[in-house]
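One file, work-v4.txt, carrying compact mmCIF, C-alpha atoms and all ligand atoms:
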```txt
# COMPACT_ATOMS: atom_id res chain seq x y z
CA MET A 1 78.12 1.91 13.01
CA ALA A 2 79.24 1.13 9.43
CA ALA A 3 79.15 -2.61 8.84
CA PRO A 4 82.65 -3.93 9.53
CA ALA A 5 84.12 -6.76 7.42
CA VAL A 6 85.29 -9.58 9.65
CA LEU A 7 87.49 -12.45 8.49
CA ILE A 8 87.41 -15.77 10.36
CA ALA A 9 90.48 -17.97 9.88
CA VAL A 10 90.40 -21.29 11.73
CA GLU A 11 90.79 -24.94 10.71
CA ALA A 12 88.56 -25.93 7.76
CA LYS A 13 86.12 -28.06 9.71
CA ALA A 14 85.38 -25.28 12.20
CA LEU A 15 84.91 -22.38 9.74
CA LYS A 16 81.16 -22.73 9.43
CA ARG A 17 80.50 -22.96 13.15
CA TRP A 18 82.63 -19.90 13.92
CA SER A 19 81.34 -17.74 11.09
CA GLU A 20 77.70 -18.52 11.85
CA ALA A 21 78.18 -17.77 15.53
CA LEU A 22 79.93 -14.49 14.81
CA GLN A 23 77.32 -13.47 12.26
CA ARG A 24 74.63 -14.08 14.89
CA GLU A 25 76.44 -11.79 17.33
CA LEU A 26 77.20 -9.14 14.70
CA PRO A 27 74.18 -9.26 12.35
CA ASP A 28 75.29 -6.20 10.38
CA ALA A 29 78.88 -7.29 9.82
CA GLN A 30 80.11 -8.87 6.59
CA VAL A 31 81.59 -12.10 7.91
CA PHE A 32 83.76 -14.16 5.55
CA THR A 33 86.15 -17.06 6.00
CA ARG A 34 89.59 -18.35 5.04
CA GLU A 35 91.15 -21.66 5.99
CA ALA A 36 93.84 -20.98 8.57
CA THR A 37 96.26 -23.34 6.85
CA LYS A 38 95.84 -21.84 3.36
CA THR A 39 99.29 -20.92 2.02
CA VAL A 40 98.38 -19.15 -1.23
CA VAL A 41 98.06 -15.35 -1.24
CA ASP A 42 94.97 -14.24 -3.14
CA ALA A 43 95.54 -10.69 -4.37
CA THR A 44 91.82 -10.30 -5.09
CA ALA A 45 90.66 -11.39 -1.60
CA LYS A 46 88.13 -9.16 0.11
CA THR A 47 89.79 -6.87 2.65
CA ALA A 48 88.72 -7.22 6.25
CA ASP A 49 88.62 -4.69 9.06
CA TYR A 50 89.11 -7.39 11.67
CA ALA A 51 90.62 -10.86 11.55
CA VAL A 52 89.54 -13.48 14.08
CA LEU A 53 91.97 -16.36 13.92
CA TRP A 54 93.82 -19.29 15.42
CA ARG A 55 97.25 -20.39 14.18
CA PRO A 56 96.98 -18.99 10.63
CA HIS A 57 99.58 -19.42 7.90
CA ALA A 58 101.63 -16.23 7.35
CA SER A 59 100.03 -15.81 3.89
CA LEU A 60 96.98 -14.37 5.64
CA PHE A 61 98.96 -11.29 6.64
CA ALA A 62 100.26 -10.77 3.09
CA GLU A 63 96.63 -10.81 1.93
CA GLN A 64 95.05 -8.65 4.62
CA ARG A 65 96.73 -5.25 4.74
CA ARG A 66 93.95 -3.07 6.20
CA LEU A 67 93.24 -4.78 9.49
CA LYS A 68 92.24 -2.53 12.37
CA ALA A 69 92.70 -5.32 14.92
CA ILE A 70 93.42 -9.02 15.08
CA PHE A 71 91.69 -11.35 17.55
CA ASN A 72 93.52 -14.49 18.70
CA LEU A 73 91.08 -17.32 19.46
CA GLY A 74 93.09 -18.49 22.44
CA ALA A 75 94.72 -17.11 25.54
CA GLY A 76 98.29 -17.78 24.42
CA ILE A 77 99.67 -15.69 21.55
CA ASP A 78 103.09 -17.40 21.44
CA ALA A 79 102.48 -18.95 18.00
CA LEU A 80 101.78 -15.48 16.49
CA ALA A 81 104.67 -13.93 18.39
CA ALA A 82 107.00 -16.43 16.72
CA MET A 83 105.92 -15.35 13.19
CA PRO A 84 108.18 -12.72 11.61
CA GLU A 85 105.35 -11.89 9.18
CA PHE A 86 102.93 -10.93 11.94
CA PRO A 87 102.02 -7.21 11.53
CA ARG A 88 102.92 -5.86 14.95
CA ALA A 89 101.54 -2.42 14.19
CA VAL A 90 98.03 -3.91 14.23
CA PRO A 91 96.62 -4.39 17.75
CA LEU A 92 96.49 -8.08 18.69
CA ILE A 93 93.77 -8.98 21.19
CA ARG A 94 93.77 -12.30 23.03
CA LEU A 95 90.89 -14.12 24.69
CA GLU A 96 90.44 -13.34 28.37
CA ASP A 97 88.86 -16.27 30.19
CA ALA A 98 86.03 -16.62 27.62
CA GLY A 99 84.76 -19.68 29.48
CA MET A 100 88.20 -21.30 29.58
CA ALA A 101 89.25 -20.40 33.12
CA GLY A 102 86.52 -22.43 34.90
CA PRO A 103 87.34 -25.75 33.17
CA MET A 104 91.07 -25.09 33.67
CA ALA A 105 90.48 -24.58 37.40
CA HIS A 106 88.57 -27.88 37.49
CA TYR A 107 91.44 -29.62 35.72
CA VAL A 108 93.88 -28.34 38.35
CA LEU A 109 91.53 -29.22 41.20
CA ALA A 110 91.21 -32.78 39.88
CA ALA A 111 94.99 -33.15 39.68
CA VAL A 112 95.49 -31.64 43.15
CA LEU A 113 92.86 -33.92 44.72
CA ARG A 114 94.39 -36.94 43.02
CA PHE A 115 97.77 -35.95 44.48
CA MET A 116 96.39 -35.20 47.96
CA LEU A 117 94.38 -38.42 48.16
CA GLY A 118 97.18 -40.55 46.69
CA LEU A 119 94.89 -41.92 43.97
CA GLY A 120 97.82 -42.49 41.60
CA ARG A 121 99.61 -44.53 44.26
CA TYR A 122 96.49 -46.62 44.95
CA ALA A 123 96.07 -47.31 41.22
CA GLN A 124 99.60 -48.71 41.24
CA ASP A 125 98.91 -50.65 44.49
CA GLN A 126 95.80 -52.14 42.91
CA ARG A 127 97.79 -53.41 39.93
CA GLU A 128 100.03 -55.18 42.45
CA HIS A 129 97.19 -56.33 44.78
CA ARG A 130 98.68 -54.30 47.62
CA TRP A 131 96.53 -52.96 50.51
CA ALA A 132 98.50 -49.99 51.84
CA PRO A 133 96.34 -47.22 53.31
CA LYS A 134 97.89 -43.82 53.99
CA ARG A 135 96.22 -41.03 55.90
CA PRO A 136 95.43 -38.20 53.45
CA ARG A 137 96.69 -34.71 54.21
CA ALA A 138 94.25 -31.95 55.10
CA PRO A 139 93.90 -29.34 52.32
CA GLY A 140 95.26 -26.64 54.63
CA ASP A 141 98.51 -28.61 54.88
CA VAL A 142 98.97 -28.72 51.11
CA ARG A 143 100.96 -25.70 49.90
CA ILE A 144 100.13 -24.84 46.30
CA GLY A 145 101.81 -22.18 44.16
CA VAL A 146 100.14 -20.77 41.04
CA MET A 147 102.49 -19.13 38.54
CA GLY A 148 100.76 -16.49 36.46
CA LEU A 149 97.79 -14.56 37.81
CA GLY A 150 95.93 -13.52 34.69
CA ALA A 151 92.25 -14.41 34.24
CA ILE A 152 93.13 -18.12 34.24
CA GLY A 153 95.66 -18.22 37.09
CA ARG A 154 93.41 -16.14 39.35
CA ARG A 155 90.48 -18.45 38.77
CA ILE A 156 92.65 -21.49 39.54
CA ALA A 157 93.98 -19.89 42.73
CA HIS A 158 90.52 -18.92 43.99
CA THR A 159 89.07 -22.35 43.21
CA LEU A 160 91.83 -23.94 45.30
CA ILE A 161 91.40 -21.41 48.13
CA ASP A 162 87.66 -22.18 48.20
CA GLN A 163 88.58 -25.83 48.84
CA GLY A 164 90.76 -24.85 51.79
CA PHE A 165 94.20 -25.29 50.20
CA ASN A 166 97.15 -23.16 51.26
CA VAL A 167 97.68 -21.11 48.08
CA ARG A 168 100.20 -18.50 46.97
CA GLY A 169 100.74 -16.81 43.63
CA TYR A 170 103.66 -15.64 41.50
CA VAL A 171 103.69 -12.75 39.05
CA ARG A 172 106.59 -10.80 37.60
CA HIS A 173 105.33 -7.49 38.94
CA ALA A 174 103.72 -7.97 42.33
CA ARG A 175 100.20 -6.64 42.61
CA ALA A 176 97.48 -7.33 45.11
CA VAL A 177 95.17 -10.19 44.24
CA ASP A 178 92.21 -10.71 46.56
CA GLY A 179 92.78 -13.33 49.22
CA LEU A 180 96.17 -14.40 47.91
CA THR A 181 99.78 -13.98 49.02
CA VAL A 182 101.61 -12.82 45.92
CA PHE A 183 105.36 -13.09 45.25
CA ASP A 184 107.37 -11.40 42.53
CA THR A 185 110.55 -13.35 43.18
CA LEU A 186 110.72 -16.96 42.26
CA ALA A 187 112.89 -18.48 45.01
CA PRO A 188 110.75 -17.63 48.06
CA PHE A 189 107.60 -18.44 46.09
CA LEU A 190 108.83 -21.93 45.16
CA ASP A 191 110.43 -22.86 48.48
CA GLY A 192 108.61 -25.80 50.05
CA LEU A 193 105.61 -25.96 47.69
CA ASP A 194 103.83 -29.33 47.55
CA VAL A 195 102.18 -28.54 44.22
CA LEU A 196 103.34 -26.12 41.53
CA VAL A 197 100.78 -25.03 38.92
CA ASN A 198 101.98 -23.26 35.78
CA ALA A 199 99.55 -20.82 34.12
CA LEU A 200 102.12 -18.36 32.73
CA PRO A 201 102.14 -16.94 29.22
CA LEU A 202 105.03 -18.24 27.11
CA THR A 203 107.54 -15.44 26.54
CA ALA A 204 111.32 -15.23 26.08
CA GLU A 205 111.51 -14.75 29.83
CA THR A 206 109.31 -17.68 30.88
CA SER A 207 110.54 -20.25 28.34
CA GLY A 208 112.22 -23.09 30.26
CA ILE A 209 111.19 -21.62 33.63
CA LEU A 210 110.21 -25.11 34.85
CA ARG A 211 113.79 -26.30 35.01
CA ARG A 212 115.97 -28.11 37.54
CA GLU A 213 117.33 -24.96 39.21
CA HIS A 214 113.79 -23.89 40.11
CA LEU A 215 112.07 -27.24 40.61
CA VAL A 216 114.58 -28.41 43.25
CA ARG A 217 113.19 -25.70 45.54
CA LEU A 218 109.85 -27.50 45.82
CA ALA A 219 109.12 -29.77 48.80
CA ASP A 220 110.36 -33.35 48.54
CA GLY A 221 107.68 -35.41 46.81
CA ALA A 222 106.08 -32.37 45.16
CA HIS A 223 103.79 -32.55 42.14
CA LEU A 224 103.98 -30.38 39.02
CA ILE A 225 100.94 -29.34 36.97
CA ASN A 226 101.57 -27.69 33.60
CA LEU A 227 98.60 -26.44 31.61
CA ALA A 228 100.24 -23.43 29.94
CA ARG A 229 102.80 -24.33 27.25
CA GLY A 230 105.17 -27.25 26.78
CA ALA A 231 108.14 -24.95 26.23
CA HIS A 232 107.90 -23.75 29.83
CA LEU A 233 109.20 -27.16 30.92
CA VAL A 234 112.64 -28.66 30.45
CA ASP A 235 111.52 -32.26 29.84
CA GLU A 236 114.85 -33.88 30.77
CA ASP A 237 114.96 -32.02 34.10
CA LEU A 238 111.48 -33.25 35.03
CA LEU A 239 112.39 -36.85 34.20
CA GLU A 240 115.56 -36.63 36.24
CA LEU A 241 113.77 -35.13 39.28
CA LEU A 242 111.04 -37.78 39.11
CA ASP A 243 113.52 -40.60 38.78
CA SER A 244 115.60 -39.32 41.70
CA GLY A 245 112.44 -39.16 43.85
CA LYS A 246 112.66 -35.38 44.41
CA LEU A 247 109.30 -34.96 42.68
CA SER A 248 106.56 -37.57 43.05
CA GLY A 249 104.58 -36.83 39.91
CA ALA A 250 103.46 -34.48 37.19
CA THR A 251 100.21 -33.76 35.40
CA LEU A 252 100.93 -32.39 31.93
CA ASP A 253 98.40 -31.06 29.43
CA VAL A 254 100.85 -29.28 27.12
CA PHE A 255 104.05 -30.39 25.40
CA ARG A 256 106.96 -29.01 23.39
CA GLU A 257 105.69 -30.97 20.42
CA GLU A 258 101.95 -31.62 20.04
CA PRO A 259 100.68 -34.23 19.51
CA LEU A 260 103.23 -35.70 21.93
CA PRO A 261 105.44 -37.95 19.75
CA PRO A 262 104.65 -41.69 20.22
CA ASP A 263 108.15 -42.48 21.49
CA HIS A 264 108.30 -39.65 24.05
CA PRO A 265 109.23 -40.98 27.54
CA PHE A 266 106.33 -39.06 29.18
CA TRP A 267 103.83 -41.54 27.69
CA THR A 268 105.11 -44.49 29.67
CA HIS A 269 106.34 -42.84 32.87
CA ASP A 270 104.42 -44.15 35.92
CA ALA A 271 104.54 -40.78 37.68
CA ILE A 272 103.34 -38.67 34.75
CA THR A 273 99.73 -38.13 33.72
CA VAL A 274 99.45 -37.00 30.11
CA THR A 275 96.34 -35.28 28.72
CA PRO A 276 96.10 -34.03 25.09
CA HIS A 277 95.88 -30.21 25.55
CA VAL A 278 92.30 -30.28 26.79
CA ALA A 279 92.40 -28.33 30.05
CA GLY A 280 91.19 -25.12 28.44
CA VAL A 281 89.61 -25.49 25.05
CA THR A 282 88.28 -22.40 23.29
CA LEU A 283 84.48 -22.24 23.55
CA VAL A 284 82.75 -20.88 20.46
CA ASP A 285 79.80 -19.00 21.99
CA GLU A 286 81.71 -17.36 24.84
CA SER A 287 84.63 -16.41 22.59
CA VAL A 288 82.43 -15.01 19.85
CA ARG A 289 80.49 -12.95 22.37
CA GLN A 290 83.74 -11.49 23.72
CA VAL A 291 85.12 -10.75 20.24
CA ALA A 292 81.83 -9.20 19.07
CA ASP A 293 81.65 -6.96 22.15
CA LYS A 294 85.19 -5.78 21.51
CA ILE A 295 84.58 -5.14 17.80
CA ARG A 296 81.55 -3.02 18.75
CA ALA A 297 83.65 -1.15 21.31
CA LEU A 298 86.50 -0.52 18.84
CA GLU A 299 84.05 0.65 16.18
CA SER A 300 82.66 3.19 18.62
CA GLY A 301 86.16 4.39 19.45
CA ALA A 302 86.36 2.83 22.91
CA ALA A 303 89.43 1.07 24.34
CA VAL A 304 89.32 -2.69 24.95
CA SER A 305 91.19 -5.00 27.32
CA GLY A 306 93.33 -7.97 26.33
CA VAL A 307 95.52 -6.05 23.85
CA VAL A 308 98.94 -7.67 23.64
CA ASP A 309 101.85 -5.57 24.85
CA TRP A 310 104.79 -6.70 22.69
CA LYS A 311 107.37 -5.39 25.14
CA ARG A 312 105.86 -7.60 27.84
CA GLY A 313 105.34 -10.46 25.40
CA TYR A 314 101.67 -11.27 26.09
C1 LIG B 401 95.19 -22.60 24.30
O1 LIG B 401 96.18 -23.23 24.53
C2 LIG B 401 95.10 -21.16 24.36
O2 LIG B 401 96.12 -20.48 24.34
O3 LIG B 401 93.98 -20.66 24.47
```
Would you put the structure from the file into structure tokens?
Amino acid sequence: MAAPAVLIAVEAKALKRWSEALQRELPDAQVFTREATKTVVDATAKTADYAVLWRPHASLFAEQRRLKAIFNLGAGIDALAAMPEFPRAVPLIRLEDAGMAGPMAHYVLAAVLRFMLGLGRYAQDQREHRWAPKRPRAPGDVRIGVMGLGAIGRRIAHTLIDQGFNVRGYVRHARAVDGLTVFDTLAPFLDGLDVLVNALPLTAETSGILRREHLVRLADGAHLINLARGAHLVDEDLLELLDSGKLSGATLDVFREEPLPPDHPFWTHDAITVTPHVAGVTLVDESVRQVADKIRALESGAAVSGVVDWKRGY
């Protein structure tokens, strides 16, 4: 194969790590770098065959006009989808699992166990020196719904099933997923769930999907876990449902604005656990291996998975 030119565009402090890792995987490639935040268009910049990037400034696309494919160093492509300058004629390929799904499943399992065992309630009781034991529910009595059954959602669902939880899944177009009851309509999926886990891609259709109208269908005292995107959730609706006692808590890893602004009410709400977008961080070695395999496949004329379908939105 002719040596492809591959551009890495990530935050400045990560450029070296990513480019060295990619060069190791693709020894013959010409790997070069550009800071993702750079705003100036350099007309003399080397042209790349492939760009491997995370949240670049639009100037990158004015500079790179011969790309054969673009690799997004994350699962969610919503930030690129929102850029009018993004060249939609160039195939955009997102990460699929790449080591992210396992940690995300652990994050969900931790939140579910905390809910099932009432650990949040006991932390509050401890602050008030209150001894108030409650019998924990058996996993089989905890109904959990996972929205989105891509590589991440499937891993979450199977991890929960392995622990004996009563799990169902939701996808827009029903398809069989091993060992899982799958719904393609929201109302029957949501009805009576004790825990709702959101692992959907953010699209025009799913934006605001975690809103009052849908969340009221959950069981009384249900818990919400969001580890997809902040814009899936209507913040005010969550606060209202927590304060009315309809929901008992929420574990949130993603927010409409990140970092979460210091005066946001989520920070101080007793029933909300906030984590700083850490459930599924991109892992360099796994991601680079996946990207390198796909570059090799594309160079040999083979098709690859993970190509974004713009009509579908992910
Ligand atoms: C992170 O949020 C990702 O989309 O991979």
Which residues form the shell of 8 Å around ligand LIG 401 (chain B) when you count all atoms listed in the file, given as a short mmCIF file (atom, residue, chain, number, x, y, z; two decimals) with C-alpha atoms, in the frame of the given file?
```cif
data_model
loop_
_atom_site.label_atom_id
_atom_site.label_comp_id
_atom_site.auth_asym_id
_atom_site.auth_seq_id
_atom_site.Cartn_x
_atom_site.Cartn_y
_atom_site.Cartn_z
CA LEU A 73 91.08 -17.32 19.46
CA GLY A 74 93.09 -18.49 22.44
CA ALA A 75 94.72 -17.11 25.54
CA GLY A 76 98.29 -17.78 24.42
CA ILE A 77 99.67 -15.69 21.55
CA LEU A 95 90.89 -14.12 24.69
CA MET A 100 88.20 -21.30 29.58
CA ALA A 228 100.24 -23.43 29.94
CA ARG A 229 102.80 -24.33 27.25
CA HIS A 277 95.88 -30.21 25.55
CA GLY A 280 91.19 -25.12 28.44
CA VAL A 281 89.61 -25.49 25.05
CA THR A 282 88.28 -22.40 23.29
#
```
Open item on the list: Applying 12 Å and all atoms listed in the file, which residues near Ala14 (chain A) remain after dropping the ones on its own chain fewer than 6 positions away? List them as a list in words.
Closed with: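 Near neighbours after the sequence-gap exclusion: Ile8, Glu20, Ala21, Thr33, Arg34, Glu35, Ala36, Leu53, Trp54, Thr282, Leu283 and Val284 of chain A.
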Open item on the list: Just checking: using all atoms listed in the file, which residue out of A:Val197, A:Leu233, A:Leu117, A:Ala69 ends up closest to Leu298 (chain A)?
Closed with: A:Ala69
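Residue neighbourhood of Leu238 (chain A), excluding near-sequence residues (fewer than 6 positions): Leu210, Arg211, Arg212, Leu215, Leu224, Leu247 and Ala250 of chain A, at 9 Å, using all atoms listed in the file.
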Open item on the list: Every residue with an atom at most 10 Å from (114.4, -36.4, 42.8) (file coordinates; all atoms listed in the file) is what I'm after, so could you write them as a ChimeraX atom specification?
Closed with: /A:212,215-216,220-222,237-248
Open item on the list: Here is a test: counting all atoms listed in the file, which residue of A:Gly208, A:Gly192, A:Pro259, A:Gly99 is nearest to His223 (chain A)?
Closed with: A:Gly192
Task: Exercise: Val146 (chain A) partners within 10 Å, all atoms listed in the file, chain neighbours under 4 positions left out, as a list in words - done: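 Residues near the query, excluding close chain neighbours: Gly153, Arg154, Ile156, Ala157, Leu160, Val167, Arg168, Gly169, Tyr170, Val171, Val182, Phe189, Leu190, Val195, Leu196, Val197, Asn198, Ala199, Leu200 and Ile225 of chain A.
Proximity ranking of A:Pro276, A:Gly102, A:Thr206, A:Glu63 relative to Thr159 (chain A) places A:Gly102 first, based on all atoms listed in the file.
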- [ ] In Å, rounded to a single decimal, give me how far CA of Asp184 (chain A) is from CA of Asp162 (chain A).
- [x] 23.2 Å
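The coordinates place CA of His158 (chain A) at 17.8 Å from CA of Met116 (chain A).
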Taking all listed atoms of region 53-62 of chain A, build the axis-aligned box, pad each of the six sides by 4 Å, then write its centre and edge lengths in Å to one decimal as lines of an AutoDock Vina configuration file.
```
center_x = 96.8
center_y = -15.6
center_z = 9.3
size_x = 17.7
size_y = 17.6
size_z = 20.3
```
- [ ] Find the residues around Phe165 (chain A) up to 9 Å (all atoms listed in the file counted), leave out those fewer than 6 positions away in its own chain, and share them as a VMD selection string.
- [x] chain A and resid 138 to 144
Task: Shortest interatomic distance to Arg289 (chain A) - which of A:Glu236, A:Asp270, A:Glu25, A:Glu257, counting all atoms listed in the file - done: A:Glu25
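Closest approach to Ala151 (chain A) from the set A:Val278, A:Met104, A:Leu252, A:Leu193 is made by A:Met104, with distances taken over all atoms listed in the file.
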Task: Residue nearest Trp310 (chain A) - candidates A:Thr203, A:Thr268, A:Thr185, A:Gln163, atoms counted: all atoms listed in the file - done: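 Among the listed residues, the smallest separation from Trp310 (chain A) belongs to A:Thr203.
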